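These notes are about the structure you will find just below.
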Amino acid sequence: MLLERQPRFFASFTAVLCVLGIVGCGPAESVKPPNFLILMSDNHSWNHLGCYGDPVVRTPTIDRVAAEGIRFTNAYCSSPSCTPARASMLTGQDIWRLEEGANLWGTLPAKFPVYPDMLEDAGYLVGYAGKGWGPGDYEAGGRSRNPAGDRFATFEEFYNERDGGQPFCYWFSSRDPHRPYSQNSGKDSGIDLSKIVVPPYLPDEPAVRDDIADYYAEIEHFDAEVAGHLGLLGEMGEIENTIIIIAGDNGWQMPRGLANLYDFGTRIPFIVSMPERFAGGRVVDDIVSLTDLAPTILELAGLPVPAEMTAKSLLPILSSAASGTIDPTREFTVMARERHAFVRRNGLGYPGRALRTKDFLYIRNYEPDRWPAGDPPLFGDVDAHMLHYRSPTKMELLTRRGDTAAGPLFDMAFAKRPREELYDLENDPQQMRNVAAEPDYSERKNELSEQLTVYLRETGDPRETGQPFDWDGAVYFQDRDKNPEPGQEAIEALGLEERYSYVDP
């Protein structure tokens, strides 16, 4: 069936959202397999949406979906890095089980099954737009297409491939709010910079407020993209039988954000809505993971969940009518990172594992002698990784590293870290004070360390089992990053050379 192309005017999606608000919340009357529409932002921290309490960013569409659906307050990605976070989402497995799939700009070996293929084998139409899985080289892993499925330019193009009443799973993977941001876009869009809440791990300076405002402008653009997709879904007549999932892939591209195991790199917005089937208007505090999507989607589609998936289906939570904490067994989540960007000599990564409970964050850094944000002077695990485009907040810290006020914040973002970190989240939600070495926390630290070790060994993490795997030596499929050339602004401000090399001759 063909869908006529129509203008994407915003009045049309208002009616769609009204539909979301008036349909019943009782059990589904049909056994018809549900459709799935996944709408994903790129490098977007959990707290930067109106429905998550941000007082500045304007996200009316997402806020409405959250109000009519289920908003998760404690959702995390498996890794604070795009490629592994998406690989984990598609496979339902922790990243250390995915070999090269644990690295940015790596590959995802074909021996690891992904839920889009399983849906397709069961008769679903599957596809994606935007990044999907990546960045990386899927062919190097023995795949003939992106692990997310076939790529389409638009939702319309995808829907036009549908065969009659065929169920579908479509993943729109937005580029927003990924750096670089359009300069002054926040200010030009009317965002009030004076109302922006600058987190304490960043300097509260005009350049930082401008940077956050530009980031907000990209989130607002993503909200408009969500609106466009929901409007089309309504025109297709598929609202009532489609499970809408809105999520980020990992945290924002600020110091201590992306590529870090702190909440600002791992905690994501996560919203699920299908009022026809699941009671909406709920806020769920259970600790969940983006990785849980794979078994959840398979179970909702009536398909078996492979035994190798380490994630847990969210269906019991979705099917409940309750808010707050629903599943008491979801006491923690474990996150990991291996090599993010190619920013250390000869491609060395910064391996770490983290265990997050509601009260504590425990981090284990396996190579504390390495620079956590990449080798100086570029510190490339904080974007811009080559300082080749504008990154005002990073530059603010780099140029003011000797200041009394900015120096400690520079150290928190860029300096070397101890093997163990522990944060008491009740007293320190911004994770500014590492208490791992304090005697009063010794017992709790040891408990969390043991809990992490047990989980990693049970799930076959080579970092704990001793089974070898060389993540540092795995291929990085973006050669230009190996010999970075900073931009002229950074060269002049920081006294940089015109070219660096991370590869020994």
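Each chain in the structure tokens gets a letter, A, B, ..., in the order shown, and its residues are numbered from 1; ligands are numbered from 1 in order too.
Scanning region 327-415 of chain A with DSSP on the backbone, the alpha helix (DSSP H) assignments fall on Pro392, Thr393, Lys394, Met395, Glu396, Leu397, Leu398, Thr399, Ala406, Gly407, Pro408, Leu409, Phe410, Asp411, Met412, Ala413 and Phe414 of chain A.
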Selection above as a file: N, CA and C atoms, as a PDB file, in the first residue's frame:
ATOM      1  N   PRO A 392      32.691  24.913  23.331  1.00  0.00           N
ATOM      2  CA  PRO A 392      32.958  26.013  24.267  1.00  0.00           C
ATOM      3  C   PRO A 392      33.179  25.587  25.715  1.00  0.00           C
ATOM      4  N   THR A 393      32.410  24.621  26.203  1.00  0.00           N
ATOM      5  CA  THR A 393      32.571  24.238  27.605  1.00  0.00           C
ATOM      6  C   THR A 393      33.920  23.566  27.833  1.00  0.00           C
ATOM      7  N   LYS A 394      34.310  22.686  26.940  1.00  0.00           N
ATOM      8  CA  LYS A 394      35.615  22.052  27.052  1.00  0.00           C
ATOM      9  C   LYS A 394      36.719  23.106  26.990  1.00  0.00           C
ATOM     10  N   MET A 395      36.604  24.033  26.055  1.00  0.00           N
ATOM     11  CA  MET A 395      37.623  25.079  25.933  1.00  0.00           C
ATOM     12  C   MET A 395      37.674  25.957  27.184  1.00  0.00           C
ATOM     13  N   GLU A 396      36.530  26.199  27.802  1.00  0.00           N
ATOM     14  CA  GLU A 396      36.500  26.995  29.030  1.00  0.00           C
ATOM     15  C   GLU A 396      37.355  26.334  30.102  1.00  0.00           C
ATOM     16  N   LEU A 397      37.261  25.025  30.235  1.00  0.00           N
ATOM     17  CA  LEU A 397      38.051  24.311  31.236  1.00  0.00           C
ATOM     18  C   LEU A 397      39.528  24.252  30.847  1.00  0.00           C
ATOM     19  N   LEU A 398      39.808  24.030  29.568  1.00  0.00           N
ATOM     20  CA  LEU A 398      41.195  23.916  29.132  1.00  0.00           C
ATOM     21  C   LEU A 398      41.945  25.243  29.256  1.00  0.00           C
ATOM     22  N   THR A 399      41.289  26.338  28.965  1.00  0.00           N
ATOM     23  CA  THR A 399      41.958  27.636  29.016  1.00  0.00           C
ATOM     24  C   THR A 399      42.043  28.202  30.425  1.00  0.00           C
ATOM     25  N   ALA A 406      38.161  27.162  38.380  1.00  0.00           N
ATOM     26  CA  ALA A 406      38.023  26.180  37.309  1.00  0.00           C
ATOM     27  C   ALA A 406      38.986  25.014  37.434  1.00  0.00           C
ATOM     28  N   GLY A 407      40.093  25.205  38.149  1.00  0.00           N
ATOM     29  CA  GLY A 407      41.098  24.153  38.246  1.00  0.00           C
ATOM     30  C   GLY A 407      40.575  22.837  38.787  1.00  0.00           C
ATOM     31  N   PRO A 408      39.853  22.842  39.919  1.00  0.00           N
ATOM     32  CA  PRO A 408      39.309  21.575  40.429  1.00  0.00           C
ATOM     33  C   PRO A 408      38.326  20.927  39.454  1.00  0.00           C
ATOM     34  N   LEU A 409      37.567  21.720  38.706  1.00  0.00           N
ATOM     35  CA  LEU A 409      36.633  21.159  37.726  1.00  0.00           C
ATOM     36  C   LEU A 409      37.403  20.564  36.553  1.00  0.00           C
ATOM     37  N   PHE A 410      38.510  21.205  36.169  1.00  0.00           N
ATOM     38  CA  PHE A 410      39.375  20.631  35.138  1.00  0.00           C
ATOM     39  C   PHE A 410      39.873  19.264  35.587  1.00  0.00           C
ATOM     40  N   ASP A 411      40.349  19.175  36.819  1.00  0.00           N
ATOM     41  CA  ASP A 411      40.877  17.904  37.322  1.00  0.00           C
ATOM     42  C   ASP A 411      39.792  16.822  37.330  1.00  0.00           C
ATOM     43  N   MET A 412      38.581  17.184  37.730  1.00  0.00           N
ATOM     44  CA  MET A 412      37.513  16.199  37.767  1.00  0.00           C
ATOM     45  C   MET A 412      37.225  15.638  36.385  1.00  0.00           C
ATOM     46  N   ALA A 413      37.362  16.473  35.361  1.00  0.00           N
ATOM     47  CA  ALA A 413      37.043  16.047  34.004  1.00  0.00           C
ATOM     48  C   ALA A 413      38.207  15.354  33.310  1.00  0.00           C
ATOM     49  N   PHE A 414      39.440  15.805  33.549  1.00  0.00           N
ATOM     50  CA  PHE A 414      40.562  15.387  32.711  1.00  0.00           C
ATOM     51  C   PHE A 414      41.694  14.668  33.442  1.00  0.00           C
TER      52      PHE A 414
END
Would you mind listing, for every residue of region 304-378 of chain A within 8 Å of region 429-452 of chain A, the two atoms forming the shortest contact and the distance between them in Å to one decimal, using only C-alpha atoms, sorted by chain and ascending residue number, as a tab-separated table?
residue	atom	partner	partner_atom	distance
A:Val334	CA	A:Leu452	CA	7.5
A:Ala354	CA	A:Leu452	CA	7.6
A:Leu355	CA	A:Leu452	CA	6.1
A:Tyr362	CA	A:Leu448	CA	6.7
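Residues surrounding Thr154 (chain A) within 10 Å are Tyr128, Ala129, Gly130, Arg151, Phe152, Glu156, Glu157, Phe158, Tyr159, Phe172 and His229 of chain A [only C-alpha atoms; sequence separation below 2 positions excluded].
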Output C-alpha atoms for every residue in the selection just made, as a PDB file, in the first residue's frame.
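Listing of again.pdb after writing:
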ATOM      1  CA  TYR A 128      15.733   2.395  10.490  1.00  0.00           C
ATOM      2  CA  ALA A 129      16.678   5.941   9.557  1.00  0.00           C
ATOM      3  CA  GLY A 130      19.731   7.866  10.730  1.00  0.00           C
ATOM      4  CA  ARG A 151      18.030   1.786   5.972  1.00  0.00           C
ATOM      5  CA  PHE A 152      15.310   4.170   4.784  1.00  0.00           C
ATOM      6  CA  GLU A 156       7.043   7.282   4.736  1.00  0.00           C
ATOM      7  CA  GLU A 157       9.497   5.417   2.534  1.00  0.00           C
ATOM      8  CA  PHE A 158       9.669   2.629   5.096  1.00  0.00           C
ATOM      9  CA  TYR A 159       5.880   2.389   5.441  1.00  0.00           C
ATOM     10  CA  PHE A 172      14.314   6.651  13.867  1.00  0.00           C
ATOM     11  CA  HIS A 229       6.679  10.838  13.248  1.00  0.00           C
TER      12      HIS A 229
END
*Would you mind listing what lies within 8 Å of Ala87 (chain A) as a VMD selection string, with only C-alpha atoms counted and same-chain residues fewer than 4 positions away left out?*
chain A and resid 83 91 95 101 to 102 108 133
Residues from last step as file, N, CA and C atoms, as a PDB file, in the first residue's frame:
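File written: out10.pdb
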ATOM      1  N   THR A  83      28.455   3.407  19.803  1.00  0.00           N
ATOM      2  CA  THR A  83      28.488   2.092  19.156  1.00  0.00           C
ATOM      3  C   THR A  83      28.156   0.959  20.128  1.00  0.00           C
ATOM      4  N   THR A  91      21.312  -6.430  20.806  1.00  0.00           N
ATOM      5  CA  THR A  91      21.582  -7.832  21.143  1.00  0.00           C
ATOM      6  C   THR A  91      20.986  -8.258  22.470  1.00  0.00           C
ATOM      7  N   ILE A  95      28.050  -5.337  27.046  1.00  0.00           N
ATOM      8  CA  ILE A  95      28.997  -5.058  25.963  1.00  0.00           C
ATOM      9  C   ILE A  95      30.231  -5.950  25.998  1.00  0.00           C
ATOM     10  N   GLY A 101      32.429  -5.410  19.482  1.00  0.00           N
ATOM     11  CA  GLY A 101      31.238  -4.595  19.631  1.00  0.00           C
ATOM     12  C   GLY A 101      31.259  -3.697  20.848  1.00  0.00           C
ATOM     13  N   ALA A 102      32.231  -3.868  21.733  1.00  0.00           N
ATOM     14  CA  ALA A 102      32.347  -3.028  22.922  1.00  0.00           C
ATOM     15  C   ALA A 102      33.042  -1.706  22.636  1.00  0.00           C
ATOM     16  N   LEU A 108      30.317  -5.266  14.881  1.00  0.00           N
ATOM     17  CA  LEU A 108      29.491  -6.159  15.697  1.00  0.00           C
ATOM     18  C   LEU A 108      29.443  -7.506  14.987  1.00  0.00           C
ATOM     19  N   TRP A 133      22.743   1.307  14.220  1.00  0.00           N
ATOM     20  CA  TRP A 133      23.947   0.860  14.917  1.00  0.00           C
ATOM     21  C   TRP A 133      25.126   1.632  14.343  1.00  0.00           C
TER      22      TRP A 133
END
_Within 6 Å of region 47-62 of chain A using only C-alpha atoms, minus same-chain residues under 4 positions, as number ranges by chain_ = A: 216, 220, 223, 227
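Comparing A:Cys169, A:Ala217, A:Leu230, A:Met254 by their smallest distance to Asp117 (chain A), the closest is A:Cys169 (using only C-alpha atoms).
Nearest-residue note for Arg457 (chain A): choosing from A:Gly251, A:Asp163, A:Arg97, A:Leu361, the minimum distance belongs to A:Arg97, counting only C-alpha atoms.
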Write out as a tab-separated table the residues of region 383-407 of chain A that have any atom within 8 Å of an atom of region 469-492 of chain A, one row each with the nearest atom pair and its distance in Å to one decimal, counting only C-alpha atoms, sorted by chain and then rising number.
residue	atom	partner	partner_atom	distance
A:Met386	CA	A:Pro486	CA	5.4
A:Leu387	CA	A:Pro486	CA	4.9
A:His388	CA	A:Gly487	CA	4.1
A:Tyr389	CA	A:Gly487	CA	6.3
A:Met395	CA	A:Ala490	CA	7.8
*What gap, in Å, lies between CA of Arg71 (chain A) and CA of Val272 (chain A)?*
6.7 Å
_Using only C-alpha atoms, which protein or nucleic acid residues come within 12 Å of Asn184 (chain A)? Drop anything in the same chain fewer than 6 positions from it, and give the result as a ChimeraX atom specification._
/A:190-191,193,206-218,390,392
Those same residues, written as an mmCIF file, in the first residue's frame with N, CA and C atoms?
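The result, written out as result_28.cif:
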data_model
loop_
_atom_site.group_PDB
_atom_site.id
_atom_site.type_symbol
_atom_site.label_atom_id
_atom_site.label_comp_id
_atom_site.auth_asym_id
_atom_site.auth_seq_id
_atom_site.Cartn_x
_atom_site.Cartn_y
_atom_site.Cartn_z
ATOM 1 N N GLY A 190 15.072 31.781 21.409
ATOM 2 C CA GLY A 190 14.344 32.367 22.521
ATOM 3 C C GLY A 190 14.568 31.706 23.860
ATOM 4 N N ILE A 191 15.543 30.823 23.966
ATOM 5 C CA ILE A 191 15.841 30.184 25.248
ATOM 6 C C ILE A 191 16.415 31.224 26.209
ATOM 7 N N LEU A 193 18.748 32.167 28.787
ATOM 8 C CA LEU A 193 20.006 31.642 29.326
ATOM 9 C C LEU A 193 20.115 31.845 30.832
ATOM 10 N N PRO A 206 29.309 32.537 30.973
ATOM 11 C CA PRO A 206 28.466 32.803 29.802
ATOM 12 C C PRO A 206 28.690 31.839 28.651
ATOM 13 N N ALA A 207 29.933 31.465 28.375
ATOM 14 C CA ALA A 207 30.203 30.546 27.265
ATOM 15 C C ALA A 207 29.556 29.183 27.501
ATOM 16 N N VAL A 208 29.536 28.748 28.758
ATOM 17 C CA VAL A 208 28.937 27.461 29.095
ATOM 18 C C VAL A 208 27.416 27.544 28.959
ATOM 19 N N ARG A 209 26.836 28.633 29.422
ATOM 20 C CA ARG A 209 25.392 28.802 29.277
ATOM 21 C C ARG A 209 24.988 28.856 27.802
ATOM 22 N N ASP A 210 25.774 29.546 27.004
ATOM 23 C CA ASP A 210 25.502 29.578 25.562
ATOM 24 C C ASP A 210 25.567 28.168 24.970
ATOM 25 N N ASP A 211 26.557 27.397 25.398
ATOM 26 C CA ASP A 211 26.748 26.040 24.890
ATOM 27 C C ASP A 211 25.566 25.152 25.258
ATOM 28 N N ILE A 212 25.129 25.247 26.504
ATOM 29 C CA ILE A 212 23.982 24.442 26.944
ATOM 30 C C ILE A 212 22.720 24.871 26.202
ATOM 31 N N ALA A 213 22.570 26.168 25.972
ATOM 32 C CA ALA A 213 21.404 26.650 25.232
ATOM 33 C C ALA A 213 21.383 26.090 23.809
ATOM 34 N N ASP A 214 22.549 26.024 23.168
ATOM 35 C CA ASP A 214 22.618 25.462 21.815
ATOM 36 C C ASP A 214 22.280 23.964 21.835
ATOM 37 N N TYR A 215 22.710 23.276 22.878
ATOM 38 C CA TYR A 215 22.336 21.869 23.073
ATOM 39 C C TYR A 215 20.824 21.738 23.241
ATOM 40 N N TYR A 216 20.230 22.619 24.037
ATOM 41 C CA TYR A 216 18.777 22.607 24.220
ATOM 42 C C TYR A 216 18.042 22.818 22.895
ATOM 43 N N ALA A 217 18.562 23.699 22.057
ATOM 44 C CA ALA A 217 17.911 23.950 20.770
ATOM 45 C C ALA A 217 17.848 22.675 19.936
ATOM 46 N N GLU A 218 18.881 21.836 20.042
ATOM 47 C CA GLU A 218 18.871 20.576 19.290
ATOM 48 C C GLU A 218 17.885 19.588 19.901
ATOM 49 N N ARG A 390 33.973 23.789 17.314
ATOM 50 C CA ARG A 390 33.679 24.500 18.552
ATOM 51 C C ARG A 390 33.205 23.543 19.648
ATOM 52 N N PRO A 392 32.691 24.913 23.331
ATOM 53 C CA PRO A 392 32.958 26.013 24.267
ATOM 54 C C PRO A 392 33.179 25.587 25.715
#
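Using only C-alpha atoms, the smallest distance between any of A:Met89, A:Ala415, A:Leu232, A:Ala148 and Asp249 (chain A) comes from A:Met89.
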_From a backbone DSSP assignment, name each residue in region 205-454 of chain A labelled strand (DSSP E), as a PyMOL selection string._
chain A and resi 242-248+270-273+282-289+333-337+352-356+360-365+420-424
Selection above as a file: C-alpha atoms, as a PDB file, in the first residue's frame:
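Result saved to result_7.pdb:
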ATOM      1  CA  THR A 242       1.952   0.845  17.960  1.00  0.00           C
ATOM      2  CA  ILE A 243       4.212   0.847  20.985  1.00  0.00           C
ATOM      3  CA  ILE A 244       6.051   4.171  21.027  1.00  0.00           C
ATOM      4  CA  ILE A 245       9.489   4.192  22.636  1.00  0.00           C
ATOM      5  CA  ILE A 246      11.396   7.441  23.180  1.00  0.00           C
ATOM      6  CA  ALA A 247      14.948   7.139  24.497  1.00  0.00           C
ATOM      7  CA  GLY A 248      18.461   8.501  24.364  1.00  0.00           C
ATOM      8  CA  PHE A 270      13.256   6.501  28.527  1.00  0.00           C
ATOM      9  CA  ILE A 271       9.515   6.623  27.814  1.00  0.00           C
ATOM     10  CA  VAL A 272       7.138   3.895  26.614  1.00  0.00           C
ATOM     11  CA  SER A 273       3.581   4.564  25.471  1.00  0.00           C
ATOM     12  CA  ARG A 282       2.766   6.484  35.316  1.00  0.00           C
ATOM     13  CA  VAL A 283       6.264   7.255  36.585  1.00  0.00           C
ATOM     14  CA  VAL A 284       8.413   4.182  37.247  1.00  0.00           C
ATOM     15  CA  ASP A 285      11.497   4.284  39.483  1.00  0.00           C
ATOM     16  CA  ASP A 286      12.799   0.754  38.814  1.00  0.00           C
ATOM     17  CA  ILE A 287      16.390   0.580  37.589  1.00  0.00           C
ATOM     18  CA  VAL A 288      16.221  -0.420  33.924  1.00  0.00           C
ATOM     19  CA  SER A 289      18.573  -0.510  30.966  1.00  0.00           C
ATOM     20  CA  THR A 333      22.482  -2.116  36.784  1.00  0.00           C
ATOM     21  CA  VAL A 334      26.015  -2.649  35.489  1.00  0.00           C
ATOM     22  CA  MET A 335      27.624  -0.460  32.849  1.00  0.00           C
ATOM     23  CA  ALA A 336      30.959  -0.608  31.076  1.00  0.00           C
ATOM     24  CA  ARG A 337      33.338   1.101  28.741  1.00  0.00           C
ATOM     25  CA  GLY A 352      36.008   0.532  33.367  1.00  0.00           C
ATOM     26  CA  ARG A 353      32.957  -1.077  34.912  1.00  0.00           C
ATOM     27  CA  ALA A 354      30.305   0.498  37.119  1.00  0.00           C
ATOM     28  CA  LEU A 355      27.540  -0.736  39.365  1.00  0.00           C
ATOM     29  CA  ARG A 356      24.663   1.679  39.971  1.00  0.00           C
ATOM     30  CA  PHE A 360      25.443   4.419  45.317  1.00  0.00           C
ATOM     31  CA  LEU A 361      27.584   4.469  42.203  1.00  0.00           C
ATOM     32  CA  TYR A 362      30.674   2.257  42.335  1.00  0.00           C
ATOM     33  CA  ILE A 363      33.246   2.490  39.509  1.00  0.00           C
ATOM     34  CA  ARG A 364      36.249   0.264  38.838  1.00  0.00           C
ATOM     35  CA  ASN A 365      38.960   1.739  36.572  1.00  0.00           C
ATOM     36  CA  GLU A 420      38.069   2.727  42.621  1.00  0.00           C
ATOM     37  CA  GLU A 421      35.438   5.437  42.831  1.00  0.00           C
ATOM     38  CA  LEU A 422      32.388   5.493  45.086  1.00  0.00           C
ATOM     39  CA  TYR A 423      29.670   8.122  45.246  1.00  0.00           C
ATOM     40  CA  ASP A 424      27.024   8.429  47.952  1.00  0.00           C
TER      41      ASP A 424
END
*Skipping near chain neighbours, those fewer than 6 positions away, what residues fall within 12 Å of Ser81 (chain A) using only C-alpha atoms, listed as a VMD selection string?*
chain A and resid 42 to 44 87 to 88 95 101 to 106 133 to 135 248 to 253 257 to 261 264 to 267 335 to 341 381 to 383
*Atom-to-atom span, CA of Asp137 (chain A) and CA of Thr107 (chain A), Å*: 5.2 Å
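Separating CA of Ala311 (chain A) from CA of Phe112 (chain A) is a distance of 14.2 Å.
Nearest to Asn160 (chain A) of all the residues A:Tyr138, A:Glu276, A:Gly127, A:Ser189 is A:Gly127, based on only C-alpha atoms.
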